[in-house]
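Pasting data-v5.pdb here (PDB, C-alpha atoms and all ligand atoms):
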ATOM      1  CA  ASN A 165       3.491 -23.840   5.775
ATOM      2  CA  GLY A 166       5.290 -24.874   8.949
ATOM      3  CA  LYS A 167       5.278 -21.477  10.646
ATOM      4  CA  THR A 168       3.568 -21.084  14.009
ATOM      5  CA  VAL A 169       1.490 -18.065  14.914
ATOM      6  CA  ASP A 170      -0.574 -17.053  17.966
ATOM      7  CA  ILE A 171      -3.308 -15.028  16.273
ATOM      8  CA  ALA A 172      -4.571 -16.741  13.099
ATOM      9  CA  ILE A 173      -7.745 -17.501  11.146
ATOM     10  CA  THR A 174      -9.923 -20.452  12.199
ATOM     11  CA  THR A 175     -12.129 -22.619   9.969
ATOM     12  CA  HIS A 176     -14.717 -19.790  10.039
ATOM     13  CA  GLY A 177     -12.295 -17.371   8.438
ATOM     14  CA  SER A 178     -11.190 -20.020   5.964
ATOM     15  CA  ASP A 179     -14.805 -20.835   4.981
ATOM     16  CA  PHE A 180     -15.500 -17.157   4.405
ATOM     17  CA  TYR A 181     -12.391 -16.828   2.213
ATOM     18  CA  TRP A 182     -13.556 -19.845   0.162
ATOM     19  CA  ALA A 183     -16.961 -18.213  -0.351
ATOM     20  CA  VAL A 184     -15.369 -14.993  -1.608
ATOM     21  CA  CYS A 185     -13.034 -17.054  -3.832
ATOM     22  CA  ALA A 186     -16.092 -18.744  -5.390
ATOM     23  CA  VAL A 187     -17.825 -15.425  -6.088
ATOM     24  CA  MET A 188     -14.660 -13.944  -7.661
ATOM     25  CA  THR A 189     -14.276 -17.027  -9.879
ATOM     26  CA  CYS A 190     -17.911 -16.919 -11.059
ATOM     27  CA  ALA A 191     -17.669 -13.181 -11.698
ATOM     28  CA  SER A 192     -14.537 -13.724 -13.832
ATOM     29  CA  PHE A 193     -16.353 -16.267 -16.017
ATOM     30  CA  ALA A 194     -19.385 -13.987 -16.265
ATOM     31  CA  PHE A 195     -17.318 -10.963 -17.380
ATOM     32  CA  MET A 196     -15.373 -13.087 -19.887
ATOM     33  CA  GLY A 197     -18.624 -14.600 -21.195
ATOM     34  CA  LEU A 198     -20.139 -11.134 -21.624
ATOM     35  CA  ALA A 199     -17.027 -10.093 -23.572
ATOM     36  CA  LEU A 200     -17.864 -12.745 -26.187
ATOM     37  CA  THR A 201     -21.196 -11.048 -26.871
ATOM     38  CA  LYS A 202     -19.347  -7.901 -28.050
ATOM     39  CA  PRO A 203     -17.203  -7.176 -31.120
ATOM     40  CA  ARG A 204     -13.479  -7.359 -30.279
ATOM     41  CA  GLN A 205     -12.933  -3.602 -30.293
ATOM     42  CA  ASN A 206     -15.658  -3.187 -27.644
ATOM     43  CA  ARG A 207     -14.213  -5.559 -25.036
ATOM     44  CA  ILE A 208     -11.660  -3.406 -23.199
ATOM     45  CA  PHE A 209     -13.718  -2.991 -19.991
ATOM     46  CA  HIS A 210     -14.658  -6.687 -19.934
ATOM     47  CA  TYR A 211     -11.002  -7.695 -20.213
ATOM     48  CA  ILE A 212      -9.797  -5.325 -17.474
ATOM     49  CA  THR A 213     -12.632  -6.220 -15.117
ATOM     50  CA  ALA A 214     -12.316  -9.977 -15.630
ATOM     51  CA  ALA A 215      -8.570  -9.743 -14.915
ATOM     52  CA  ILE A 216      -9.362  -7.952 -11.634
ATOM     53  CA  THR A 217     -11.720 -10.650 -10.336
ATOM     54  CA  LEU A 218      -9.445 -13.433 -11.608
ATOM     55  CA  VAL A 219      -6.461 -12.109  -9.636
ATOM     56  CA  ALA A 220      -8.711 -11.726  -6.584
ATOM     57  CA  ALA A 221      -9.961 -15.319  -6.962
ATOM     58  CA  ILE A 222      -6.356 -16.564  -6.760
ATOM     59  CA  ALA A 223      -5.554 -14.325  -3.769
ATOM     60  CA  TYR A 224      -8.660 -15.633  -1.958
ATOM     61  CA  PHE A 225      -7.750 -19.217  -2.875
ATOM     62  CA  SER A 226      -4.412 -18.593  -1.127
ATOM     63  CA  MET A 227      -5.928 -17.066   2.010
ATOM     64  CA  ALA A 228      -8.659 -19.720   2.243
ATOM     65  CA  SER A 229      -5.872 -22.325   2.133
ATOM     66  CA  ASN A 230      -4.068 -20.417   4.908
ATOM     67  CA  LEU A 231      -1.184 -19.524   2.584
ATOM     68  CA  GLY A 232       0.427 -16.227   1.616
ATOM     69  CA  TRP A 233       0.955 -14.962   5.166
ATOM     70  CA  THR A 234       3.793 -14.353   7.572
ATOM     71  CA  PRO A 235       3.819 -13.952  11.383
ATOM     72  CA  ILE A 236       4.439 -10.396  12.604
ATOM     73  CA  ASP A 237       5.317  -9.570  16.223
ATOM     74  CA  VAL A 238       2.725  -7.372  17.863
ATOM     75  CA  GLU A 239       3.221  -5.073  20.835
ATOM     76  CA  PHE A 240       1.279  -6.379  23.860
ATOM     77  CA  PRO A 241      -0.399  -6.053  26.252
ATOM     78  CA  ARG A 242      -1.925  -2.736  25.344
ATOM     79  CA  SER A 243      -5.343  -1.141  25.632
ATOM     80  CA  ALA A 244      -8.650  -2.948  26.090
ATOM     81  CA  GLY A 245      -9.891  -4.402  22.806
ATOM     82  CA  THR A 246      -6.428  -5.428  21.643
ATOM     83  CA  VAL A 247      -6.147  -9.035  20.491
ATOM     84  CA  HIS A 248      -3.462 -10.631  22.681
ATOM     85  CA  GLY A 249      -0.623 -12.887  21.576
ATOM     86  CA  ARG A 250       3.009 -12.563  20.591
ATOM     87  CA  ASN A 251       2.497 -12.526  16.850
ATOM     88  CA  ARG A 252      -0.279 -12.157  14.295
ATOM     89  CA  GLU A 253      -0.875 -13.692  10.880
ATOM     90  CA  ILE A 254      -0.405 -11.000   8.209
ATOM     91  CA  PHE A 255      -1.621 -11.933   4.710
ATOM     92  CA  TYR A 256       0.942 -10.287   2.431
ATOM     93  CA  VAL A 257      -0.798 -11.944  -0.541
ATOM     94  CA  ARG A 258      -3.516  -9.252  -0.230
ATOM     95  CA  TYR A 259      -0.975  -6.626  -1.195
ATOM     96  CA  ILE A 260       0.188  -8.605  -4.235
ATOM     97  CA  ASP A 261      -3.480  -8.755  -5.294
ATOM     98  CA  TRP A 262      -3.969  -5.017  -4.692
ATOM     99  CA  PHE A 263      -0.709  -4.117  -6.444
ATOM    100  CA  ILE A 264      -2.138  -5.668  -9.621
ATOM    101  CA  THR A 265      -5.849  -4.940  -9.243
ATOM    102  CA  THR A 266      -6.045  -1.380  -7.877
ATOM    103  CA  PRO A 267      -4.248   0.059 -10.961
ATOM    104  CA  LEU A 268      -6.678  -1.931 -13.140
ATOM    105  CA  LEU A 269      -9.658  -0.534 -11.209
ATOM    106  CA  LEU A 270      -8.258   2.966 -11.759
ATOM    107  CA  MET A 271      -7.764   2.159 -15.468
ATOM    108  CA  ASP A 272     -11.448   1.164 -15.671
ATOM    109  CA  LEU A 273     -12.454   4.509 -14.158
ATOM    110  CA  LEU A 274      -9.965   6.818 -15.858
ATOM    111  CA  LEU A 275     -10.514   5.254 -19.312
ATOM    112  CA  THR A 276     -14.247   5.748 -18.778
ATOM    113  CA  ALA A 277     -13.586   9.416 -18.012
ATOM    114  CA  GLY A 278     -11.328   9.702 -21.085
ATOM    115  CA  MET A 279      -8.428  11.144 -19.052
ATOM    116  CA  PRO A 280      -5.154  11.951 -20.860
ATOM    117  CA  TRP A 281      -2.706   9.050 -20.405
ATOM    118  CA  PRO A 282      -0.003  10.993 -18.482
ATOM    119  CA  THR A 283      -2.604  11.810 -15.818
ATOM    120  CA  THR A 284      -3.722   8.186 -15.642
ATOM    121  CA  LEU A 285      -0.108   7.054 -15.347
ATOM    122  CA  PHE A 286       0.595   9.430 -12.473
ATOM    123  CA  VAL A 287      -2.546   8.463 -10.534
ATOM    124  CA  ILE A 288      -1.569   4.803 -10.929
ATOM    125  CA  LEU A 289       1.995   5.449  -9.710
ATOM    126  CA  ILE A 290       0.600   7.179  -6.621
ATOM    127  CA  ASP A 291      -1.692   4.171  -6.140
ATOM    128  CA  GLU A 292       1.325   1.810  -6.203
ATOM    129  CA  ILE A 293       2.959   3.955  -3.506
ATOM    130  CA  MET A 294      -0.208   3.601  -1.410
ATOM    131  CA  ILE A 295      -0.187  -0.199  -1.645
ATOM    132  CA  VAL A 296       3.546  -0.576  -0.945
ATOM    133  CA  THR A 297       3.448   1.736   2.100
ATOM    134  CA  GLY A 298       0.536  -0.365   3.382
ATOM    135  CA  LEU A 299       2.541  -3.577   2.942
ATOM    136  CA  VAL A 300       5.709  -2.245   4.563
ATOM    137  CA  GLY A 301       3.711  -0.723   7.424
ATOM    138  CA  ALA A 302       1.962  -4.055   7.976
ATOM    139  CA  LEU A 303       5.313  -5.858   8.249
ATOM    140  CA  VAL A 304       6.843  -3.348  10.714
ATOM    141  CA  LYS A 305       6.387  -4.061  14.423
ATOM    142  CA  SER A 306       7.135  -0.681  16.004
ATOM    143  CA  ARG A 307       5.084   2.494  16.019
ATOM    144  CA  TYR A 308       6.920   3.497  12.819
ATOM    145  CA  LYS A 309       4.254   1.445  10.994
ATOM    146  CA  TRP A 310       1.918   4.408  11.462
ATOM    147  CA  GLY A 311       4.391   6.611   9.578
ATOM    148  CA  TYR A 312       3.945   4.378   6.508
ATOM    149  CA  PHE A 313       0.204   4.484   7.099
ATOM    150  CA  VAL A 314       0.201   8.307   6.959
ATOM    151  CA  PHE A 315       2.080   8.276   3.614
ATOM    152  CA  GLY A 316      -0.450   5.754   2.296
ATOM    153  CA  CYS A 317      -3.390   7.878   3.416
ATOM    154  CA  ALA A 318      -1.912  10.956   1.715
ATOM    155  CA  ALA A 319      -1.652   8.939  -1.507
ATOM    156  CA  LEU A 320      -5.283   7.823  -1.151
ATOM    157  CA  ALA A 321      -6.407  11.430  -0.570
ATOM    158  CA  TYR A 322      -4.726  12.423  -3.848
ATOM    159  CA  ILE A 323      -6.427   9.578  -5.749
ATOM    160  CA  VAL A 324      -9.893  10.300  -4.341
ATOM    161  CA  PHE A 325      -9.469  14.008  -5.079
ATOM    162  CA  HIS A 326      -8.683  13.127  -8.692
ATOM    163  CA  LEU A 327     -11.733  10.906  -9.006
ATOM    164  CA  VAL A 328     -14.279  13.241  -7.441
ATOM    165  CA  TRP A 329     -12.903  16.380  -9.088
ATOM    166  CA  ASP A 330     -10.867  16.172 -12.347
ATOM    167  CA  ALA A 331     -12.068  12.829 -13.658
ATOM    168  CA  ARG A 332     -15.725  13.516 -12.800
ATOM    169  CA  LYS A 333     -15.670  16.809 -14.726
ATOM    170  CA  HIS A 334     -13.932  15.111 -17.662
ATOM    171  CA  ALA A 335     -16.533  12.315 -17.733
ATOM    172  CA  ASN A 336     -19.430  14.768 -17.645
ATOM    173  CA  ALA A 337     -17.986  16.591 -20.663
ATOM    174  CA  LEU A 338     -18.141  13.336 -22.667
ATOM    175  CA  GLY A 339     -21.919  13.061 -22.402
ATOM    176  CA  ARG A 340     -24.696  12.265 -19.974
ATOM    177  CA  ASP A 341     -24.374   8.462 -20.210
ATOM    178  CA  VAL A 342     -20.606   8.580 -19.603
ATOM    179  CA  GLY A 343     -21.092  11.092 -16.772
ATOM    180  CA  ARG A 344     -23.694   8.891 -15.089
ATOM    181  CA  THR A 345     -21.604   5.713 -15.370
ATOM    182  CA  PHE A 346     -18.614   7.524 -13.928
ATOM    183  CA  LEU A 347     -20.715   9.064 -11.146
ATOM    184  CA  TYR A 348     -21.950   5.635  -9.977
ATOM    185  CA  CYS A 349     -18.656   3.763 -10.274
ATOM    186  CA  GLY A 350     -16.474   6.656  -9.121
ATOM    187  CA  SER A 351     -18.628   7.359  -6.059
ATOM    188  CA  LEU A 352     -18.719   3.680  -5.091
ATOM    189  CA  THR A 353     -14.930   3.520  -5.413
ATOM    190  CA  SER A 354     -14.274   6.723  -3.453
ATOM    191  CA  LEU A 355     -16.508   5.563  -0.613
ATOM    192  CA  LEU A 356     -15.151   1.998  -0.433
ATOM    193  CA  TRP A 357     -11.479   2.865  -0.785
ATOM    194  CA  ILE A 358     -11.691   5.163   2.257
ATOM    195  CA  LEU A 359     -12.829   2.153   4.327
ATOM    196  CA  TYR A 360      -9.672   0.118   3.512
ATOM    197  CA  PRO A 361      -7.326   2.166   5.743
ATOM    198  CA  ILE A 362      -9.897   1.787   8.546
ATOM    199  CA  ALA A 363      -9.778  -1.999   8.128
ATOM    200  CA  TRP A 364      -5.965  -1.838   8.064
ATOM    201  CA  GLY A 365      -5.959   0.260  11.233
ATOM    202  CA  VAL A 366      -7.920  -2.331  13.228
ATOM    203  CA  CYS A 367      -6.191  -5.389  11.681
ATOM    204  CA  GLU A 368      -2.562  -5.123  10.531
ATOM    205  CA  GLY A 369      -2.127  -1.765  12.279
ATOM    206  CA  GLY A 370      -3.671  -1.902  15.737
ATOM    207  CA  ASN A 371      -4.359  -5.655  16.088
ATOM    208  CA  LEU A 372      -7.773  -4.708  17.514
ATOM    209  CA  ILE A 373      -9.904  -7.345  15.762
ATOM    210  CA  ALA A 374      -9.247 -11.049  15.142
ATOM    211  CA  PRO A 375      -8.151 -12.473  11.763
ATOM    212  CA  ASP A 376     -11.613 -14.068  11.278
ATOM    213  CA  SER A 377     -13.205 -10.616  11.559
ATOM    214  CA  GLU A 378     -10.499  -9.283   9.253
ATOM    215  CA  ALA A 379     -11.605 -11.880   6.684
ATOM    216  CA  VAL A 380     -15.180 -10.534   6.801
ATOM    217  CA  PHE A 381     -14.198  -6.832   6.821
ATOM    218  CA  TYR A 382     -11.801  -7.003   3.839
ATOM    219  CA  GLY A 383     -13.914  -9.709   2.170
ATOM    220  CA  ILE A 384     -17.058  -7.580   2.004
ATOM    221  CA  LEU A 385     -15.057  -4.548   0.851
ATOM    222  CA  ASP A 386     -13.424  -6.607  -1.917
ATOM    223  CA  LEU A 387     -16.771  -8.048  -3.070
ATOM    224  CA  LEU A 388     -18.188  -4.532  -3.418
ATOM    225  CA  ALA A 389     -15.011  -3.022  -4.915
ATOM    226  CA  LYS A 390     -14.467  -5.746  -7.545
ATOM    227  CA  PRO A 391     -17.478  -7.833  -8.750
ATOM    228  CA  VAL A 392     -20.199  -5.327  -7.800
ATOM    229  CA  PHE A 393     -18.155  -2.402  -9.147
ATOM    230  CA  GLY A 394     -17.362  -4.394 -12.312
ATOM    231  CA  ALA A 395     -20.974  -5.306 -13.001
ATOM    232  CA  LEU A 396     -22.016  -1.667 -12.555
ATOM    233  CA  LEU A 397     -19.232  -0.463 -14.865
ATOM    234  CA  ILE A 398     -19.936  -2.986 -17.635
ATOM    235  CA  TRP A 399     -23.664  -2.288 -17.400
ATOM    236  CA  GLY A 400     -22.964   1.444 -17.648
ATOM    237  CA  HIS A 401     -20.902   0.934 -20.805
ATOM    238  CA  ARG A 402     -23.598  -1.071 -22.627
ATOM    239  CA  GLY A 403     -24.601   1.856 -24.867
ATOM    240  CA  ILE A 404     -21.277   3.725 -24.960
ATOM    241  CA  ASP A 405     -19.041   3.391 -28.029
ATOM    242  CA  PRO A 406     -15.388   3.137 -26.805
ATOM    243  CA  ALA A 407     -14.379   5.312 -29.779
ATOM    244  CA  ARG A 408     -16.081   8.230 -28.009
ATOM    245  CA  LEU A 409     -13.623   7.778 -25.125
ATOM    246  CA  GLY A 410     -10.666   7.789 -27.500
ATOM    247  CA  LEU A 411     -10.291   3.982 -27.240
TER     248      LEU A 411
HETATM  249  C1  LIG A 501      -3.717   0.659   2.970
HETATM  250  C2  LIG A 501      -2.841   0.995   4.183
HETATM  251  C3  LIG A 501      -2.093   2.261   4.024
HETATM  252  C4  LIG A 501      -3.037   3.399   3.863
HETATM  253  C5  LIG A 501      -4.095   3.143   2.846
HETATM  254  C6  LIG A 501      -4.409   1.873   2.403
HETATM  255  C7  LIG A 501      -5.441   1.776   1.353
HETATM  256  C8  LIG A 501      -5.748   0.710   0.615
HETATM  257  C9  LIG A 501      -6.760   0.651  -0.391
HETATM  258  C10 LIG A 501      -6.960  -0.548  -0.957
HETATM  259  C11 LIG A 501      -7.914  -0.851  -1.942
HETATM  260  C12 LIG A 501      -8.046  -2.093  -2.335
HETATM  261  C13 LIG A 501      -8.989  -2.557  -3.289
HETATM  262  C14 LIG A 501      -8.917  -3.849  -3.591
HETATM  263  C15 LIG A 501      -9.715  -4.490  -4.558
HETATM  264  O1  LIG A 501     -10.779  -4.947  -4.348
HETATM  265  C16 LIG A 501      -2.824   0.024   1.915
HETATM  266  C17 LIG A 501      -4.728  -0.350   3.461
HETATM  267  C18 LIG A 501      -4.805   4.357   2.327
HETATM  268  C19 LIG A 501      -7.544   1.843  -0.777
HETATM  269  C20 LIG A 501      -9.975  -1.668  -3.905
END

Encoded form using structure tokens:
Amino acid sequence: NGKTVDIAITTHGSDFYWAVCAVMTCASFAFMGLALTKPRQNRIFHYITAAITLVAAIAYFSMASNLGWTPIDVEFPRSAGTVHGRNREIFYVRYIDWFITTPLLLMDLLLTAGMPWPTTLFVILIDEIMIVTGLVGALVKSRYKWGYFVFGCAALAYIVFHLVWDARKHANALGRDVGRTFLYCGSLTSLLWILYPIAWGVCEGGNLIAPDSEAVFYGILDLLAKPVFGALLIWGHRGIDPARLGL
């Protein structure tokens, strides 16, 4: 795209992004195909989950093509372990993906738990704050970036608290099968989501690991948080009538 940058992905990072793009694309077709095996009123989780992997496929297409980034000045030289250079490639396209997909992931979970819609709305608004603080923090050069990071972490703490406490209790009250599905998908989500700020801290935040390693770190997290999560969720819903969840 004509911009020059000191610290960028190489063909290794690009190849990895293409691989993740391929998995996201296949998963989208699989979830849409599975939707066709169900009556229309039983497809809500297929639709949401397929949209999640489809958006991710496009984000990964962008990153594999070395698009959707901007160079950000980094402070150097600093401690041992810091990747040196004047500026680093920051993929803002990740945050566009997350702005769309993390609310959909929360919809998957909170609809499963049958939460009242005002609660779901508020958790999603807090989630949007988390993503935007992460984006702004990534684009800031100075130490102030860590201020945005702290706001984002507070938002994440609120979301995880909701999942492991309120929503879990709500899901259990709807029956054993709903409770079990929520336990698996909610636990996977709570665990994985806590690893994202760690990845941010060593990539966009601290510039401690190279963009190729960033590709692998976020790539594996996204594969677990989207296609693996989605398969688990859709499998869990196989015997659950959406009408029982108020859908
Ligand atoms: C940021 C930085 C600011 C602090 C926190 C973050 C958390 C991000 C999360 C992202 C989840 C993304 C998913 C993508 C889909 O696969 C924005 C990195 C707390 C939790 C699940």

Could you list the protein, DNA and RNA residues that have any atom within 9 Å of ligand LIG 501 (chain A), counting all atoms listed in the file, and write them as a PyMOL selection string? chain A and resi 216-217+220+258-259+261-263+265-266+269+291+293-299+301-302+310+312-321+353-354+356-365+368-369+382-383+385-391

* Decode the PyMOL selection byres (((chain A and resi 376) around 10) and not hetatm) for the given file into explicit residues and return them as a PyMOL selection string. => chain A and resi 171-181+373-375+377-381

Asn371 of chain A proximity check over A:Arg344, A:Lys305, A:Arg402, A:Arg252, using all atoms listed in the file: winner is A:Arg252

**Prompt:** For the point (-15.5, 1.5, -17.4) in file coordinates, what residues are within 12 Å, counting only C-alpha atoms? Give the answer as a VMD selection string?
**Reply:** chain A and resid 206 to 213 268 to 278 335 341 to 350 393 to 406 409 411

Can you write just those residues out, C-alpha atoms, as a short mmCIF file (atom, residue, chain, number, x, y, z; two decimals), keeping the file's coordinate frame?
data_model
loop_
_atom_site.label_atom_id
_atom_site.label_comp_id
_atom_site.auth_asym_id
_atom_site.auth_seq_id
_atom_site.Cartn_x
_atom_site.Cartn_y
_atom_site.Cartn_z
CA ASN A 206 -15.66 -3.19 -27.64
CA ARG A 207 -14.21 -5.56 -25.04
CA ILE A 208 -11.66 -3.41 -23.20
CA PHE A 209 -13.72 -2.99 -19.99
CA HIS A 210 -14.66 -6.69 -19.93
CA TYR A 211 -11.00 -7.70 -20.21
CA ILE A 212 -9.80 -5.32 -17.47
CA THR A 213 -12.63 -6.22 -15.12
CA LEU A 268 -6.68 -1.93 -13.14
CA LEU A 269 -9.66 -0.53 -11.21
CA LEU A 270 -8.26 2.97 -11.76
CA MET A 271 -7.76 2.16 -15.47
CA ASP A 272 -11.45 1.16 -15.67
CA LEU A 273 -12.45 4.51 -14.16
CA LEU A 274 -9.96 6.82 -15.86
CA LEU A 275 -10.51 5.25 -19.31
CA THR A 276 -14.25 5.75 -18.78
CA ALA A 277 -13.59 9.42 -18.01
CA GLY A 278 -11.33 9.70 -21.08
CA ALA A 335 -16.53 12.32 -17.73
CA ASP A 341 -24.37 8.46 -20.21
CA VAL A 342 -20.61 8.58 -19.60
CA GLY A 343 -21.09 11.09 -16.77
CA ARG A 344 -23.69 8.89 -15.09
CA THR A 345 -21.60 5.71 -15.37
CA PHE A 346 -18.61 7.52 -13.93
CA LEU A 347 -20.72 9.06 -11.15
CA TYR A 348 -21.95 5.64 -9.98
CA CYS A 349 -18.66 3.76 -10.27
CA GLY A 350 -16.47 6.66 -9.12
CA PHE A 393 -18.16 -2.40 -9.15
CA GLY A 394 -17.36 -4.39 -12.31
CA ALA A 395 -20.97 -5.31 -13.00
CA LEU A 396 -22.02 -1.67 -12.56
CA LEU A 397 -19.23 -0.46 -14.86
CA ILE A 398 -19.94 -2.99 -17.64
CA TRP A 399 -23.66 -2.29 -17.40
CA GLY A 400 -22.96 1.44 -17.65
CA HIS A 401 -20.90 0.93 -20.80
CA ARG A 402 -23.60 -1.07 -22.63
CA GLY A 403 -24.60 1.86 -24.87
CA ILE A 404 -21.28 3.72 -24.96
CA ASP A 405 -19.04 3.39 -28.03
CA PRO A 406 -15.39 3.14 -26.80
CA LEU A 409 -13.62 7.78 -25.12
CA LEU A 411 -10.29 3.98 -27.24
#

Open item on the list: Can you translate the PyMOL selection byres (((chain A and resi 239) around 10) and not hetatm) into the concrete residues it hits in this file, as a count of residues only?
Closed with: 16

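Distance-wise, atom CA of Val247 of chain A and atom CA of Tyr308 of chain A end up 19.7 Å apart.
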
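Coordinates place atom CA of Leu355 of chain A at a distance of 25.2 Å from atom CA of Ala194 of chain A.
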
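Rounded to one decimal, atom CA of Met279 of chain A and atom CA of Gln205 of chain A lie 19.1 Å from each other.
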
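The nearest approach to Ile384 of chain A among the residues A:Val169, A:Ala407, A:Met188, A:Ala199, with only C-alpha atoms taken into account, belongs to A:Met188.
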
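For the residues A:Val304, A:Leu200, A:Leu218, A:Val287, ranking by smallest atom-to-atom distance to Thr234 of chain A using all atoms listed in the file places A:Val304 first.
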
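Using only C-alpha atoms, the shortest contact distance between Phe193 of chain A and any of A:Glu253, A:Ala214, A:Ser351, A:Cys367 is found at A:Ala214.
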